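Dumped structure-v9.txt below, it's compact mmCIF, C-alpha atoms:
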# COMPACT_ATOMS: atom_id res chain seq x y z
CA MET A 26 1.84 -6.51 36.51
CA VAL A 27 1.84 -8.29 33.16
CA ALA A 28 2.45 -6.07 30.13
CA LYS A 29 -0.47 -5.99 27.78
CA GLU A 30 0.37 -7.53 24.43
CA THR A 31 -0.56 -5.37 21.48
CA ARG A 32 -0.85 -6.58 17.94
CA GLU A 33 0.95 -4.55 15.36
CA HIS A 34 -1.16 -3.33 12.49
CA PHE A 35 -0.15 -2.64 8.92
CA GLY A 36 0.59 1.04 8.51
CA ARG A 37 1.17 1.81 12.18
CA GLY A 38 4.10 1.80 14.57
CA ASN A 39 6.88 -0.50 13.45
CA LEU A 40 4.82 -1.43 10.38
CA LYS A 41 4.48 2.16 9.25
CA THR A 42 4.70 2.51 5.48
CA ASP A 43 5.82 5.36 3.26
CA PRO A 44 2.64 7.13 2.06
CA ALA A 45 4.38 8.36 -1.09
CA THR A 46 4.82 4.78 -2.31
CA SER A 47 1.48 3.40 -1.10
CA VAL A 48 -1.58 2.89 -3.30
CA PHE A 49 -4.93 2.02 -1.72
CA ILE A 50 -6.92 -0.27 -3.99
CA ASN A 51 -10.68 0.17 -3.73
CA CYS A 52 -12.13 -2.53 -5.98
CA PRO A 53 -14.64 -5.36 -5.72
CA TYR A 54 -13.35 -8.52 -4.07
CA ASP A 55 -15.83 -10.97 -5.55
CA ARG A 56 -14.82 -14.00 -7.59
CA ASP A 57 -15.94 -12.50 -10.92
CA PHE A 58 -13.77 -9.42 -10.44
CA ALA A 59 -10.77 -11.43 -9.14
CA PRO A 60 -8.83 -11.43 -12.46
CA LEU A 61 -9.12 -7.63 -12.62
CA PHE A 62 -8.27 -7.20 -8.95
CA ASP A 63 -5.18 -9.38 -9.47
CA ALA A 64 -4.25 -7.32 -12.52
CA ILE A 65 -4.45 -4.06 -10.55
CA VAL A 66 -2.44 -5.44 -7.61
CA PHE A 67 0.20 -6.94 -9.87
CA ALA A 68 0.50 -3.82 -12.04
CA THR A 69 0.85 -1.70 -8.89
CA VAL A 70 3.77 -3.75 -7.60
CA CYS A 71 5.40 -3.90 -11.04
CA CYS A 72 5.28 -0.11 -11.10
CA GLY A 73 7.13 0.01 -7.79
CA PHE A 74 4.25 0.88 -5.47
CA LEU A 75 3.00 -0.90 -2.37
CA PRO A 76 -0.66 -1.90 -2.75
CA ARG A 77 -2.89 -1.33 0.26
CA SER A 78 -6.36 -2.73 0.74
CA ALA A 79 -9.22 -3.23 3.17
CA LEU A 80 -8.09 -6.87 3.08
CA GLU A 81 -4.73 -6.09 4.70
CA SER A 82 -6.01 -5.99 8.25
CA GLY A 83 -7.92 -9.23 8.22
CA SER A 84 -10.55 -9.53 10.92
CA VAL A 85 -9.29 -7.34 13.74
CA ALA A 86 -11.24 -5.78 16.56
CA GLU A 87 -11.61 -2.43 14.83
CA PRO A 88 -14.52 -1.32 12.69
CA ARG A 89 -13.87 -1.98 9.02
CA MET A 90 -14.57 1.63 8.06
CA GLU A 91 -11.87 2.85 10.44
CA ARG A 92 -9.33 0.41 8.99
CA ILE A 93 -10.20 1.53 5.47
CA THR A 94 -10.00 5.21 6.36
CA ARG A 95 -6.67 4.68 8.08
CA ALA A 96 -5.30 2.84 5.03
CA ILE A 97 -6.48 5.59 2.65
CA PHE A 98 -5.07 8.30 4.91
CA SER A 99 -1.69 6.58 4.97
CA SER A 100 -1.55 6.19 1.18
CA LYS A 101 -0.75 9.07 -1.13
CA TYR A 102 -2.52 7.31 -4.01
CA SER A 103 -5.67 5.30 -4.49
CA ILE A 104 -7.36 3.43 -7.32
CA HIS A 105 -11.14 3.09 -7.40
CA ASP A 106 -13.25 0.87 -9.63
CA LEU A 107 -16.99 1.48 -9.90
CA SER A 108 -17.84 -1.69 -11.85
CA ARG A 109 -20.21 -2.97 -9.16
CA CYS A 110 -22.16 0.26 -8.92
CA ARG A 111 -25.00 -1.18 -10.90
CA GLY A 112 -28.18 -3.09 -10.12
CA GLU A 113 -27.46 -6.69 -9.18
CA SER A 114 -29.48 -9.74 -8.16
CA ASP A 115 -33.25 -9.88 -8.01
CA GLU A 116 -33.39 -6.79 -5.87
CA GLN A 117 -31.33 -4.80 -8.38
CA LEU A 118 -29.26 -3.25 -5.63
CA ALA A 119 -25.91 -1.64 -6.37
CA ARG A 120 -22.90 -1.77 -4.08
CA PHE A 121 -21.92 1.60 -2.71
CA ASN A 122 -18.84 0.84 -0.63
CA MET A 123 -16.65 1.89 -3.54
CA PRO A 124 -18.18 5.37 -4.02
CA LEU A 125 -18.05 5.81 -0.23
CA GLU A 126 -14.33 5.04 -0.14
CA LEU A 127 -13.75 7.20 -3.22
CA GLY A 128 -15.39 10.03 -1.30
CA ILE A 129 -12.97 9.52 1.57
CA ALA A 130 -10.05 9.66 -0.86
CA MET A 131 -11.38 12.80 -2.54
CA ALA A 132 -11.84 14.52 0.82
CA ARG A 133 -8.37 13.43 1.88
CA ARG A 134 -6.94 15.39 -1.01
CA TYR A 135 -8.29 18.59 0.48
CA THR A 136 -7.03 17.93 3.98
CA GLN A 137 -3.38 17.74 2.94
CA THR A 138 -1.43 20.84 3.80
CA ARG A 139 1.84 19.63 2.36
CA ASN A 140 1.61 19.52 -1.39
CA ARG A 141 4.20 16.75 -1.68
CA LEU A 142 1.86 14.28 0.05
CA GLN A 143 -1.41 15.53 -1.39
CA HIS A 144 -3.62 12.55 -2.11
CA ASP A 145 -4.24 11.63 -5.73
CA TRP A 146 -6.77 9.12 -7.03
CA LEU A 147 -7.65 7.22 -10.18
CA LEU A 148 -11.19 6.34 -11.16
CA LEU A 149 -11.83 3.27 -13.32
CA VAL A 150 -15.15 2.49 -14.95
CA PRO A 151 -16.16 -0.06 -17.57
CA GLU A 152 -16.95 1.30 -21.02
CA ASP A 153 -20.54 2.53 -21.34
CA HIS A 154 -20.97 2.48 -17.58
CA GLN A 155 -23.48 5.20 -16.71
CA TYR A 156 -21.99 6.16 -13.37
CA THR A 157 -22.91 9.85 -13.82
CA ARG A 158 -26.57 8.92 -13.63
CA PHE A 159 -26.34 7.91 -10.00
CA VAL A 160 -23.33 9.86 -8.80
CA SER A 161 -23.60 12.98 -10.93
CA ASP A 162 -21.05 14.84 -8.80
CA LEU A 163 -18.39 12.77 -10.57
CA ALA A 164 -19.27 14.27 -13.94
CA GLY A 165 -16.31 16.37 -14.99
CA TYR A 166 -13.75 14.00 -13.57
CA ASP A 167 -12.21 11.98 -16.36
CA PRO A 168 -12.37 8.32 -15.44
CA TYR A 169 -10.21 5.78 -17.23
CA ARG A 170 -12.52 3.49 -19.14
CA TYR A 171 -11.71 -0.10 -20.03
CA ASP A 172 -13.51 -3.01 -21.67
CA GLY A 173 -13.50 -5.36 -18.69
CA ARG A 174 -10.33 -7.24 -19.60
CA PRO A 175 -7.03 -7.20 -17.72
CA GLU A 176 -5.23 -6.55 -21.04
CA THR A 177 -6.88 -3.14 -21.40
CA LEU A 178 -6.94 -2.36 -17.69
CA ILE A 179 -3.24 -2.87 -17.04
CA PRO A 180 -1.93 -0.20 -19.48
CA LYS A 181 -4.30 2.36 -18.01
CA VAL A 182 -3.34 1.64 -14.41
CA MET A 183 0.35 1.57 -15.32
CA ALA A 184 0.22 4.79 -17.33
CA TRP A 185 -1.40 6.54 -14.38
CA LEU A 186 1.08 5.21 -11.82
CA ALA A 187 4.09 5.76 -14.09
CA THR A 188 3.30 9.48 -14.42
CA ARG A 189 2.95 10.16 -10.66
CA PRO A 190 5.73 12.24 -9.06
CA ASP A 191 6.86 9.30 -6.91
CA ALA A 192 7.13 6.84 -9.79
CA VAL A 193 10.21 4.86 -10.76
CA ALA A 194 10.96 3.54 -14.23
CA THR A 195 8.43 0.84 -15.13
CA PRO A 196 8.38 -2.17 -17.43
CA THR A 197 5.98 -2.06 -20.37
CA PRO A 198 2.37 -3.25 -20.04
CA GLN A 199 3.22 -6.02 -22.47
CA ASP A 200 5.85 -7.33 -20.04
CA VAL A 201 3.42 -7.18 -17.13
CA ILE A 202 0.58 -8.82 -19.05
CA ALA A 203 2.93 -11.66 -20.03
CA LEU A 204 3.80 -12.29 -16.37
CA LEU A 205 0.26 -11.93 -15.01
CA PRO A 206 -0.68 -15.63 -15.49
CA ASP A 207 2.28 -16.64 -13.30
CA PHE A 208 1.17 -14.30 -10.53
CA ALA A 209 -2.42 -15.52 -10.91
CA ALA A 210 -1.24 -19.13 -10.56
CA ASP A 211 0.75 -18.25 -7.42
CA LYS A 212 -2.31 -16.55 -5.98
CA GLN A 213 -4.40 -19.60 -6.78
CA ALA A 214 -1.90 -21.70 -4.83
CA LEU A 215 -2.26 -19.30 -1.90
CA HIS A 216 -6.03 -19.60 -2.19
CA ARG A 217 -5.80 -23.39 -1.91
CA GLN A 218 -3.72 -22.92 1.23
CA TRP A 219 -5.70 -20.11 2.89
CA GLY A 220 -9.15 -20.16 1.28
CA ASP A 221 -10.64 -16.66 1.15
CA GLU A 222 -8.37 -15.41 3.96
CA ILE A 223 -5.05 -15.06 2.13
CA PRO A 224 -2.79 -12.76 4.18
CA TRP A 225 -2.31 -9.52 2.28
CA ALA A 226 1.46 -9.66 2.81
CA ASP A 227 1.57 -12.99 0.98
CA ILE A 228 -0.28 -11.50 -2.00
CA VAL A 229 2.19 -8.61 -2.14
CA LEU A 230 5.18 -10.98 -1.87
CA ALA A 231 3.77 -13.16 -4.66
CA ALA A 232 3.41 -10.08 -6.89
CA ARG A 233 6.89 -8.90 -6.01
CA ALA A 234 8.35 -12.32 -6.82
CA ARG A 235 6.93 -12.14 -10.35
CA SER A 236 7.73 -8.46 -11.03
CA PRO A 237 10.34 -7.68 -13.64
CA ALA A 238 13.62 -6.45 -12.13
CA MET B 26 -10.97 13.22 -39.22
CA LEU B 27 -10.88 17.00 -38.71
CA GLY B 28 -9.72 18.70 -35.53
CA VAL B 29 -10.16 22.38 -34.71
CA GLU B 30 -8.55 24.84 -37.13
CA GLY B 31 -9.12 22.30 -39.87
CA THR B 32 -6.22 20.07 -38.86
CA LEU B 33 -6.61 16.67 -40.35
CA MET B 34 -5.84 14.27 -37.52
CA ASN B 35 -4.02 11.86 -39.77
CA SER B 36 -1.71 14.63 -41.02
CA ILE B 37 -0.28 15.61 -37.64
CA ASP B 38 3.51 15.44 -37.51
CA VAL B 39 4.02 16.20 -33.86
CA VAL B 40 2.05 16.77 -30.67
CA VAL B 41 3.58 19.29 -28.27
CA LEU B 42 2.76 19.15 -24.56
CA TYR B 43 3.96 21.95 -22.29
CA PRO B 44 3.04 23.22 -18.82
CA PRO B 45 1.28 26.55 -18.23
CA SER B 46 4.43 27.86 -16.53
CA ALA B 47 6.34 27.47 -19.82
CA ARG B 48 3.60 28.81 -22.05
CA ARG B 49 5.88 31.38 -23.64
CA TRP B 50 8.38 28.72 -24.73
CA GLY B 51 5.70 26.23 -25.65
CA GLU B 52 3.90 28.64 -27.95
CA LYS B 53 7.19 29.73 -29.46
CA LEU B 54 8.10 26.11 -30.13
CA VAL B 55 4.77 25.46 -31.85
CA ARG B 56 5.24 28.55 -34.05
CA GLN B 57 8.78 27.59 -34.99
CA LEU B 58 7.87 24.00 -35.81
CA LYS B 59 5.00 25.18 -37.98
CA ALA B 60 7.38 27.54 -39.75
CA GLN B 61 9.36 24.42 -40.71
CA GLN B 62 6.25 23.05 -42.44
CA LEU B 63 5.49 20.63 -39.63
CA SER B 64 1.88 20.01 -38.74
CA VAL B 65 1.68 20.60 -34.98
CA TRP B 66 -1.06 19.82 -32.47
CA ASP B 67 -1.09 21.22 -28.94
CA ASP B 68 -3.97 21.06 -26.49
CA ARG B 69 -3.80 24.74 -25.57
CA THR B 70 -4.70 26.00 -29.05
CA ALA B 71 -6.29 23.06 -30.85
CA LEU B 72 -9.39 22.73 -28.69
CA ALA B 73 -12.63 24.67 -28.76
CA PRO B 74 -14.86 25.25 -25.72
CA GLY B 75 -16.89 22.11 -25.06
CA ASP B 76 -14.44 19.76 -26.75
CA ASP B 77 -13.71 16.51 -25.00
CA TRP B 78 -10.11 17.23 -24.07
CA ARG B 79 -9.02 13.68 -23.48
CA ALA B 80 -10.72 12.26 -26.58
CA GLU B 81 -9.12 14.94 -28.78
CA LEU B 82 -5.71 14.39 -27.20
CA GLU B 83 -5.98 10.62 -27.61
CA GLN B 84 -6.81 11.02 -31.29
CA ALA B 85 -3.92 13.42 -31.80
CA VAL B 86 -1.27 11.28 -30.06
CA ASP B 87 -2.53 8.16 -31.84
CA ALA B 88 -2.17 9.90 -35.20
CA ALA B 89 1.14 11.71 -34.62
CA PRO B 90 4.44 9.88 -35.12
CA ALA B 91 6.10 12.09 -32.50
CA ILE B 92 5.20 13.68 -29.16
CA VAL B 93 7.37 16.38 -27.57
CA ILE B 94 6.98 16.69 -23.82
CA MET B 95 8.39 19.86 -22.27
CA VAL B 96 9.46 19.46 -18.66
CA THR B 97 10.37 22.37 -16.44
CA ALA B 98 12.03 22.55 -13.05
CA ARG B 99 9.76 25.32 -11.84
CA GLN B 100 6.91 23.39 -10.30
CA ARG B 101 5.50 19.94 -9.89
CA PRO B 102 3.24 18.85 -12.75
CA ASP B 103 -0.46 19.47 -12.18
CA ARG B 104 -3.18 16.85 -12.74
CA HIS B 105 -3.88 18.11 -16.24
CA GLN B 106 -0.25 17.66 -17.22
CA GLN B 107 -0.06 14.23 -15.64
CA ALA B 108 -3.23 13.19 -17.46
CA ALA B 109 -1.70 14.33 -20.76
CA TRP B 110 1.51 12.45 -19.97
CA SER B 111 -0.53 9.34 -19.23
CA VAL B 112 -2.29 9.56 -22.60
CA ALA B 113 1.03 10.10 -24.39
CA LEU B 114 2.65 7.17 -22.60
CA GLN B 115 -0.19 4.80 -23.51
CA ALA B 116 0.11 5.85 -27.16
CA ASP B 117 3.85 5.21 -27.03
CA TRP B 118 3.30 1.74 -25.56
CA GLN B 119 0.80 0.89 -28.28
CA ASP B 120 3.08 1.99 -31.12
CA SER B 121 6.77 1.20 -30.75
CA GLY B 122 7.50 3.38 -33.78
CA LYS B 123 6.22 6.49 -32.06
CA LYS B 124 8.81 8.96 -30.73
CA LEU B 125 8.41 10.43 -27.28
CA VAL B 126 10.95 13.29 -27.00
CA PRO B 127 11.59 14.94 -23.64
CA LEU B 128 12.48 18.63 -23.88
CA LEU B 129 14.15 19.41 -20.56
CA MET B 130 14.23 23.09 -19.62
CA GLY B 131 16.99 24.33 -17.35
CA ASP B 132 17.89 21.74 -14.76
CA ALA B 133 14.56 19.93 -14.89
CA GLU B 134 14.70 16.36 -13.66
CA VAL B 135 13.67 13.65 -16.06
CA PRO B 136 10.33 12.15 -14.98
CA SER B 137 10.75 8.41 -14.58
CA PHE B 138 8.36 7.55 -17.39
CA LEU B 139 10.63 9.38 -19.86
CA ALA B 140 13.81 7.67 -18.70
CA GLY B 141 15.90 5.82 -21.26
CA ARG B 142 15.08 8.10 -24.19
CA GLN B 143 16.95 10.55 -26.35
CA ALA B 144 16.11 13.98 -24.96
CA LEU B 145 16.95 17.60 -25.49
CA ARG B 146 18.41 19.56 -22.55
CA VAL B 147 18.10 23.35 -22.87
CA ARG B 148 20.01 24.71 -19.88
CA GLU B 149 19.87 28.36 -20.96
CA PRO B 150 16.72 28.87 -23.05
CA LYS B 151 17.42 32.55 -23.62
CA THR B 152 20.64 31.79 -25.46
CA GLU B 153 20.18 28.18 -26.61
CA TRP B 154 16.59 28.17 -27.77
CA ASP B 155 16.96 28.46 -31.53
CA HIS B 156 19.79 25.93 -31.51
CA ALA B 157 17.57 23.61 -29.47
CA VAL B 158 14.71 23.89 -31.93
CA ARG B 159 17.05 23.03 -34.83
CA GLU B 160 18.30 19.95 -32.97
CA LEU B 161 14.76 18.99 -32.04
CA ILE B 162 13.72 19.09 -35.68
CA GLY B 163 16.72 16.89 -36.43
CA LEU B 164 15.54 14.42 -33.80
CA LEU B 165 11.98 14.47 -35.12
CA ARG B 166 13.17 13.89 -38.66
CA GLY B 167 15.50 11.10 -37.55
CA ASP B 168 18.68 12.86 -38.60
CA ALA B 169 20.10 13.90 -35.24
CA GLU B 170 23.84 14.19 -35.55
CA LYS B 171 26.53 13.09 -33.16
CA SER B 172 27.69 16.69 -32.98
CA ASP B 173 24.33 17.80 -31.59
CA THR B 174 25.31 19.29 -28.28
CA LEU B 175 21.97 19.46 -26.60
CA VAL B 176 20.90 15.88 -27.19
CA VAL B 177 21.30 13.73 -24.10
CA PHE B 178 20.16 10.34 -22.92
CA ALA B 179 17.61 10.79 -20.17
CA ASN B 180 18.65 7.91 -17.95
CA GLU B 181 17.43 7.01 -14.53
CA ASP B 182 19.69 5.17 -12.12
CA PRO B 183 18.49 1.52 -12.24
CA ALA B 184 19.20 1.32 -8.51
CA LYS B 185 16.19 3.56 -7.93
CA ARG B 186 13.77 0.87 -9.14
CA ALA B 187 15.70 -1.91 -7.41
CA THR B 188 15.59 -0.01 -4.12
CA ARG B 189 11.87 0.53 -4.44
CA LEU B 190 11.11 -3.12 -5.17
CA GLY B 191 13.36 -4.05 -2.26
CA TYR B 192 11.35 -1.76 0.00
CA ILE B 193 8.09 -3.41 -1.08
CA GLU B 194 9.47 -6.85 -0.34
CA GLN B 195 10.97 -5.85 2.99
CA THR B 196 7.74 -4.17 4.11
CA ALA B 197 5.63 -7.19 3.17
CA ARG B 198 8.00 -9.53 5.04
CA GLN B 199 7.88 -7.35 8.14
CA ILE B 200 4.10 -7.46 8.08
CA LYS B 201 4.12 -11.22 7.60
CA GLN B 202 6.44 -11.67 10.57
CA ALA B 203 4.35 -9.42 12.76
CA SER B 204 1.08 -11.24 12.05
Can the structure from this file be put into structure tokens for me?
Amino acid sequence: MVAKETREHFGRGNLKTDPATSVFINCPYDRDFAPLFDAIVFATVCCGFLPRSALESGSVAEPRMERITRAIFSSKYSIHDLSRCRGESDEQLARFNMPLELGIAMARRYTQTRNRLQHDWLLLVPEDHQYTRFVSDLAGYDPYRYDGRPETLIPKVMAWLATRPDAVATPTPQDVIALLPDFAADKQALHRQWGDEIPWADIVLAARARSPA
Amino acid sequence: MLGVEGTLMNSIDVVVLYPPSARRWGEKLVRQLKAQQLSVWDDRTALAPGDDWRAELEQAVDAAPAIVIMVTARQRPDRHQQAAWSVALQADWQDSGKKLVPLLMGDAEVPSFLAGRQALRVREPKTEWDHAVRELIGLLRGDAEKSDTLVVFANEDPAKRATRLGYIEQTARQIKQAS
């Protein structure tokens, strides 16, 4: 009988990661948001955390929602951006994957029985974004607001990560902002090689290579 | 700009942040600093019901040249504390002249974001408190002396960060090999 080959998946088995150092990033993946997504990923690595994402599993034979839930459940931290929760295109439809995944993260917090691994999450919204009008349950949670630029986003993400119990000493946001163009250029090179299917591990390695020691 | 109790935001000398578990010491510190003619802002007494906590705190830490952060060993910081720390840290990053002074109670560990700073360690608050407050005032006024016994450097082993970055790289390489 021939042994069935099984593919290893990020976060499981031999590729199991430490939840206390994992941060699930729930942000738009479109081209317009790419500079901000890169800024969040890079800042996360510079702060000594492993970024996780729905992109990490590629196209595997498992429903996307299950992969996302598994990634959130195996990360102690998550970062959520609601920028795209607004009317877009002629149909004025908003994207609601991000609030859905934020809901999973919020629920996860209440399923933890061990305080040390209790899930914690950060909510990012652009300035003047009226998210409470369509998801009023979030009123009362203090989101971190930014003006849409990586230069204002990075200090907020870093300040949040740096004050988590599992943090290590971090560089300054100024240091990270100065190195961001190099990471962005490396990611562009990966994009030329892989198109829109850059392996998540390669993105993480590129960020690690540019992180201050 | 006026805060509660008529405190002019631009006249604040120091912001004091302390956890609920150390309320007794935190309130005592605020009283003693005020007795030394220092204008003190703390979020437990300076806010009125309905105030935007974060906005008020951001204004206060932006205005104050110094922020004292009390850290205890008793329990892990709650989300409110961490949010306050985050605001303080951002203010420190924006203004290199601002002083962030850790006040370490008992055998409290230094949180990583406070590593590399001059701190005050108060191992026995019951007997060392008044001495600690005098040394803290010296630190805040920039005239800390070499003989100050409670002033320490809150260092973190650099290997801790190196190990963490190594873990990130190793994990990513393992995933790359497996795919």
Note to self: Distance limit 9 Å, atoms considered: only C-alpha atoms. Which chain B residues sit that close to chain A? Return them as a ChimeraX atom specification.
What the structure shows: /B:79,101-102,104,107-108,110-115,118,136-141,181,183,185-187,189-194,196-201,203-204
Grab the residues selected above and save them as a PDB file, in the coordinates of the input with C-alpha atoms.
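What follows is the written file selection-v7.pdb:
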ATOM      1  CA  ARG B  79      -9.020  13.680 -23.480  1.00  0.00           C
ATOM      2  CA  ARG B 101       5.500  19.940  -9.890  1.00  0.00           C
ATOM      3  CA  PRO B 102       3.240  18.850 -12.750  1.00  0.00           C
ATOM      4  CA  ARG B 104      -3.180  16.850 -12.740  1.00  0.00           C
ATOM      5  CA  GLN B 107      -0.060  14.230 -15.640  1.00  0.00           C
ATOM      6  CA  ALA B 108      -3.230  13.190 -17.460  1.00  0.00           C
ATOM      7  CA  TRP B 110       1.510  12.450 -19.970  1.00  0.00           C
ATOM      8  CA  SER B 111      -0.530   9.340 -19.230  1.00  0.00           C
ATOM      9  CA  VAL B 112      -2.290   9.560 -22.600  1.00  0.00           C
ATOM     10  CA  ALA B 113       1.030  10.100 -24.390  1.00  0.00           C
ATOM     11  CA  LEU B 114       2.650   7.170 -22.600  1.00  0.00           C
ATOM     12  CA  GLN B 115      -0.190   4.800 -23.510  1.00  0.00           C
ATOM     13  CA  TRP B 118       3.300   1.740 -25.560  1.00  0.00           C
ATOM     14  CA  PRO B 136      10.330  12.150 -14.980  1.00  0.00           C
ATOM     15  CA  SER B 137      10.750   8.410 -14.580  1.00  0.00           C
ATOM     16  CA  PHE B 138       8.360   7.550 -17.390  1.00  0.00           C
ATOM     17  CA  LEU B 139      10.630   9.380 -19.860  1.00  0.00           C
ATOM     18  CA  ALA B 140      13.810   7.670 -18.700  1.00  0.00           C
ATOM     19  CA  GLY B 141      15.900   5.820 -21.260  1.00  0.00           C
ATOM     20  CA  GLU B 181      17.430   7.010 -14.530  1.00  0.00           C
ATOM     21  CA  PRO B 183      18.490   1.520 -12.240  1.00  0.00           C
ATOM     22  CA  LYS B 185      16.190   3.560  -7.930  1.00  0.00           C
ATOM     23  CA  ARG B 186      13.770   0.870  -9.140  1.00  0.00           C
ATOM     24  CA  ALA B 187      15.700  -1.910  -7.410  1.00  0.00           C
ATOM     25  CA  ARG B 189      11.870   0.530  -4.440  1.00  0.00           C
ATOM     26  CA  LEU B 190      11.110  -3.120  -5.170  1.00  0.00           C
ATOM     27  CA  GLY B 191      13.360  -4.050  -2.260  1.00  0.00           C
ATOM     28  CA  TYR B 192      11.350  -1.760   0.000  1.00  0.00           C
ATOM     29  CA  ILE B 193       8.090  -3.410  -1.080  1.00  0.00           C
ATOM     30  CA  GLU B 194       9.470  -6.850  -0.340  1.00  0.00           C
ATOM     31  CA  THR B 196       7.740  -4.170   4.110  1.00  0.00           C
ATOM     32  CA  ALA B 197       5.630  -7.190   3.170  1.00  0.00           C
ATOM     33  CA  ARG B 198       8.000  -9.530   5.040  1.00  0.00           C
ATOM     34  CA  GLN B 199       7.880  -7.350   8.140  1.00  0.00           C
ATOM     35  CA  ILE B 200       4.100  -7.460   8.080  1.00  0.00           C
ATOM     36  CA  LYS B 201       4.120 -11.220   7.600  1.00  0.00           C
ATOM     37  CA  ALA B 203       4.350  -9.420  12.760  1.00  0.00           C
ATOM     38  CA  SER B 204       1.080 -11.240  12.050  1.00  0.00           C
TER      39      SER B 204
END
Note to self: With distances taken over all atoms listed in the file, which residue among B:Ala98, B:Leu72, B:Val93, B:Ala88 lies nearest Val158 of chain B?
What the structure shows: B:Val93
Need to verify the contact set: Leu54 of chain B, 12 Å, all atoms listed in the file, exclusion of same-chain residues closer than 5 positions in sequence. Can you return it as an mmCIF file with C-alpha atoms, keeping the file's coordinate frame?
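The resulting selection_22.cif:
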data_model
loop_
_atom_site.group_PDB
_atom_site.id
_atom_site.type_symbol
_atom_site.label_atom_id
_atom_site.label_comp_id
_atom_site.auth_asym_id
_atom_site.auth_seq_id
_atom_site.Cartn_x
_atom_site.Cartn_y
_atom_site.Cartn_z
ATOM 1 C CA VAL B 39 4.020 16.200 -33.860
ATOM 2 C CA VAL B 40 2.050 16.770 -30.670
ATOM 3 C CA VAL B 41 3.580 19.290 -28.270
ATOM 4 C CA LEU B 42 2.760 19.150 -24.560
ATOM 5 C CA TYR B 43 3.960 21.950 -22.290
ATOM 6 C CA ALA B 47 6.340 27.470 -19.820
ATOM 7 C CA ARG B 48 3.600 28.810 -22.050
ATOM 8 C CA ARG B 49 5.880 31.380 -23.640
ATOM 9 C CA LYS B 59 5.000 25.180 -37.980
ATOM 10 C CA ALA B 60 7.380 27.540 -39.750
ATOM 11 C CA GLN B 61 9.360 24.420 -40.710
ATOM 12 C CA LEU B 63 5.490 20.630 -39.630
ATOM 13 C CA VAL B 65 1.680 20.600 -34.980
ATOM 14 C CA TRP B 66 -1.060 19.820 -32.470
ATOM 15 C CA ASP B 67 -1.090 21.220 -28.940
ATOM 16 C CA VAL B 93 7.370 16.380 -27.570
ATOM 17 C CA ILE B 94 6.980 16.690 -23.820
ATOM 18 C CA MET B 95 8.390 19.860 -22.270
ATOM 19 C CA LEU B 128 12.480 18.630 -23.880
ATOM 20 C CA PRO B 150 16.720 28.870 -23.050
ATOM 21 C CA TRP B 154 16.590 28.170 -27.770
ATOM 22 C CA ASP B 155 16.960 28.460 -31.530
ATOM 23 C CA HIS B 156 19.790 25.930 -31.510
ATOM 24 C CA ALA B 157 17.570 23.610 -29.470
ATOM 25 C CA VAL B 158 14.710 23.890 -31.930
ATOM 26 C CA ARG B 159 17.050 23.030 -34.830
ATOM 27 C CA LEU B 161 14.760 18.990 -32.040
ATOM 28 C CA ILE B 162 13.720 19.090 -35.680
#
Notebook entry, point to check: Pick from A:Pro124, A:Ser108, A:Arg235, A:Ser103: nearest to Lys212 of chain A, with all atoms listed in the file counted?
Noted result: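 Among the listed residues, A:Arg235 lies closest to Lys212 of chain A.
You will find atom CA of Ala144 of chain B at 11.1 Å from atom CA of Thr174 of chain B.
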Note to self: Just to confirm, what's the straight-line distance from atom CA of Ala130 of chain A to atom CA of Gln100 of chain B in Å (one decimal)?
What the structure shows: 23.8 Å
Notebook entry, point to check: Separation of atom CA of Asp211 of chain A and atom CA of Ile104 of chain A, in Å?
Noted result: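 Separating atom CA of Asp211 of chain A from atom CA of Ile104 of chain A is a distance of 23.1 Å.
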Notebook entry, point to check: Which is closest to Leu125 of chain A among A:Leu148, A:Met90, A:Leu142, A:Ala96, if we use all atoms listed in the file?
Noted result: A:Met90
Can you pull out every residue within 12 Å of Ala59 of chain A, counting only C-alpha atoms, but drop anything in the same chain fewer than 6 positions away, and send it as a tab-separated table (two decimals) with C-alpha atoms, keeping the file's coordinate frame?
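As a result, part28.tsv now contains:
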chain	number	residue	atom	x	y	z
A	52	CYS	CA	-12.13	-2.53	-5.98
A	53	PRO	CA	-14.64	-5.36	-5.72
A	65	ILE	CA	-4.45	-4.06	-10.55
A	66	VAL	CA	-2.44	-5.44	-7.61
A	67	PHE	CA	0.20	-6.94	-9.87
A	173	GLY	CA	-13.50	-5.36	-18.69
A	174	ARG	CA	-10.33	-7.24	-19.60
A	175	PRO	CA	-7.03	-7.20	-17.72
A	209	ALA	CA	-2.42	-15.52	-10.91
A	212	LYS	CA	-2.31	-16.55	-5.98
A	213	GLN	CA	-4.40	-19.60	-6.78
A	216	HIS	CA	-6.03	-19.60	-2.19
A	221	ASP	CA	-10.64	-16.66	1.15
Item checked: Close residues, Val150 of chain A itself excluded, 8 Å, only C-alpha atoms, min 3 positions apart in chain, as a PyMOL selection string -> chain A and resi 106-108+154+156+168-171
Checklist line | Spatial sel., origin (-9.3, 19.6, -29.9), limit 7 Å, all atoms listed in the file, listed as an NGL selection string | finding: :B and (28-29 or 68 or 71-73 or 76 or 78 or 81-82)
Checklist line | Residue among B:Asp168, B:Asp103, B:Asp117, B:Glu160 lying closest to Gln143 of chain A, counting only C-alpha atoms | finding: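 Nearest to Gln143 of chain A: B:Asp103.
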Checklist line | Neighbours of point (-6.9, 15.0, -1.4) within 9 Å, using only C-alpha atoms, written as a PyMOL selection string | finding: chain A and resi 101+129-137+142-146
Next item on the list: For each of A:Ala214, A:Leu205, A:Ala68, A:Met123, take the minimum atom-to-atom distance to Ile93 of chain A, counting all atoms listed in the file, then give the residue where this is smallest.
Entry: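 Checking each candidate against Ile93 of chain A, we get A:Met123 as the closest.
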